[in-house]
Amino acid sequence: MVHTLNSRCEDSLLHNFIDQSWPPKPTYSVDDIPDLTGRVVIVTGGNTGIGKETAKALLLHNARVYIAARSQVKAEQAIEHLFALTGKKALFLQLDLADLASVKAAVEEFNRRESELHILFNNAGVMLPPIDDLTAQGYDLQFGTNVLGHFYLTKLLLPLLLHTVQLSLAAGLPKGTVRIINTSSDSHLFVKNIEYKTLDLAASNVTRKERKKLGGQGLYEQSKLGNVLLATELASRYGDQGIVTTSLNPGHLKSDLQRNMPKVVLALVGSVILHPLPLGALTQLWAGTSPEGAEFNGKYLIPWARIGRASRHVTPAMAAELWEWMEAQVVGY
């Protein structure tokens, strides 16, 4: 009986992975995005990859777009390129997700400049950096950037997001206009839990050997699980207050995200599984801008613009546990 159950779980995992790796032709396109005049949007990592593709589509539909990025030079280059493509000018927001002090400064700056925020795309991420790379506060770089940094950014922006819900309703905009979109990956399917001792090196005294045993890929996978758990808890806490939160797998794409991947592996993977970059923006644009997206609170979305299933290991209890852990990490910042 146990063997049968395990086989079913493995078959389900395999089916889920295949379905997300080689999705059917999209039925949704950027042409389906409604007019976004008056909507204020932040795209973390909007200077490159699917973040840049997302920013381009938003600009073409008249949103006021902030590109939140660490490098001002790279962000301004992206802004100029996007202006050449769209005739619309994005705005730069200085943000280093690997530094909690920078996250706080970014929110303070944004609050000085804007009185509303309609859509937050928690899009930025790192993948497979050197295993010894840490954030400014000593956290694993992948989890610190991909999850903890986005948690703190979202936490600090929540008062403005909730305020925007009230302003939007008063202005006659539909319910579900205010949204938080969390970019994850199907990599989260391959990890069962969060190994907290591998995250905060100063507090846990975890050895390099222990982190190396989990490996760069394992550390990446648990960060992507963290993205789904963060979205799950946000949906639970703030869905009934008018904020729609989703997580998603954008697809396997040819992007800068694989820059740390061994070249031989990248060449092999790229020839089999990686799709054109513009496709990667479709699912998060669908989540963030479509009328039907107002009903997606707590959903996990898959390529290209479909509702899917997150890992069976994602539970409300696990999401709440991660939230409490992250709350404790940002005290004092």
# chains A, B, ... in the order shown; residues from 1 in each chain; ligands from 1
>>> residues_around(residues="stretch 179-192 of chain A", least_positions_apart="4", cutoff="6 Å", atoms="only C-alpha atoms", output="ChimeraX atom specification")
/A:119-123,221,224-225,227,243-249,311,313
>>> residues_around(residues="stretch 295-309 of chain A", least_positions_apart="6", cutoff="10 Å", atoms="only C-alpha atoms", output="VMD selection string")
chain A and resid 16 19 to 29 175 to 176 179 to 186 189 228 to 229 231 to 236 238 to 240 242 to 252 279 to 288
>>> residues_around(residues="stretch 195-208 of chain A", least_positions_apart="6", cutoff="7 Å", atoms="only C-alpha atoms", output="ChimeraX atom specification")
/A:138-140,143
>>> select_by_dssp(residues="stretch 13-248 of chain A", states="helix (DSSP H, G or I)", output="MDAnalysis selection string")
chainID A and resid 13:21 30:32 49:60 72:86 100:113 141:170 186:190 196:198 201:204 208:241
>>> select_by_dssp(residues="stretch 168-220 of chain A", states="strand (DSSP E or B)", output="ChimeraX atom specification")
/A:179-183,200
>>> write_last_selection(atoms="N, CA and C atoms", output="PDB file, in the first residue's frame")
ATOM      1  N   ARG A 179      -2.779  43.769  -6.263  1.00  0.00           N
ATOM      2  CA  ARG A 179      -2.279  42.391  -6.344  1.00  0.00           C
ATOM      3  C   ARG A 179      -0.792  42.314  -6.012  1.00  0.00           C
ATOM      4  N   ILE A 180      -0.402  41.166  -5.477  1.00  0.00           N
ATOM      5  CA  ILE A 180       1.000  40.835  -5.217  1.00  0.00           C
ATOM      6  C   ILE A 180       1.303  39.545  -5.962  1.00  0.00           C
ATOM      7  N   ILE A 181       2.287  39.603  -6.839  1.00  0.00           N
ATOM      8  CA  ILE A 181       2.635  38.471  -7.695  1.00  0.00           C
ATOM      9  C   ILE A 181       4.025  37.982  -7.308  1.00  0.00           C
ATOM     10  N   ASN A 182       4.137  36.729  -6.925  1.00  0.00           N
ATOM     11  CA  ASN A 182       5.397  36.159  -6.455  1.00  0.00           C
ATOM     12  C   ASN A 182       5.920  35.135  -7.457  1.00  0.00           C
ATOM     13  N   THR A 183       7.061  35.442  -8.054  1.00  0.00           N
ATOM     14  CA  THR A 183       7.633  34.555  -9.062  1.00  0.00           C
ATOM     15  C   THR A 183       8.410  33.431  -8.388  1.00  0.00           C
ATOM     16  N   ASP A 200      20.381  31.127   8.064  1.00  0.00           N
ATOM     17  CA  ASP A 200      21.022  32.170   8.861  1.00  0.00           C
ATOM     18  C   ASP A 200      22.307  31.602   9.437  1.00  0.00           C
TER      19      ASP A 200
END
>>> closest_residue(among="A:Val43, A:Leu82, A:Leu157, A:Ile33", to="A:Lys104", atoms="only C-alpha atoms")
A:Leu157
>>> atom_distance(atom1="atom CA of A:Val314", atom2="atom CA of A:Thr289")
25.5 Å
>>> residues_around(residues="A:Gly87", least_positions_apart="6", cutoff="12 Å", atoms="only C-alpha atoms", output="PyMOL selection string")
chain A and resi 56-57+59-62+79-81
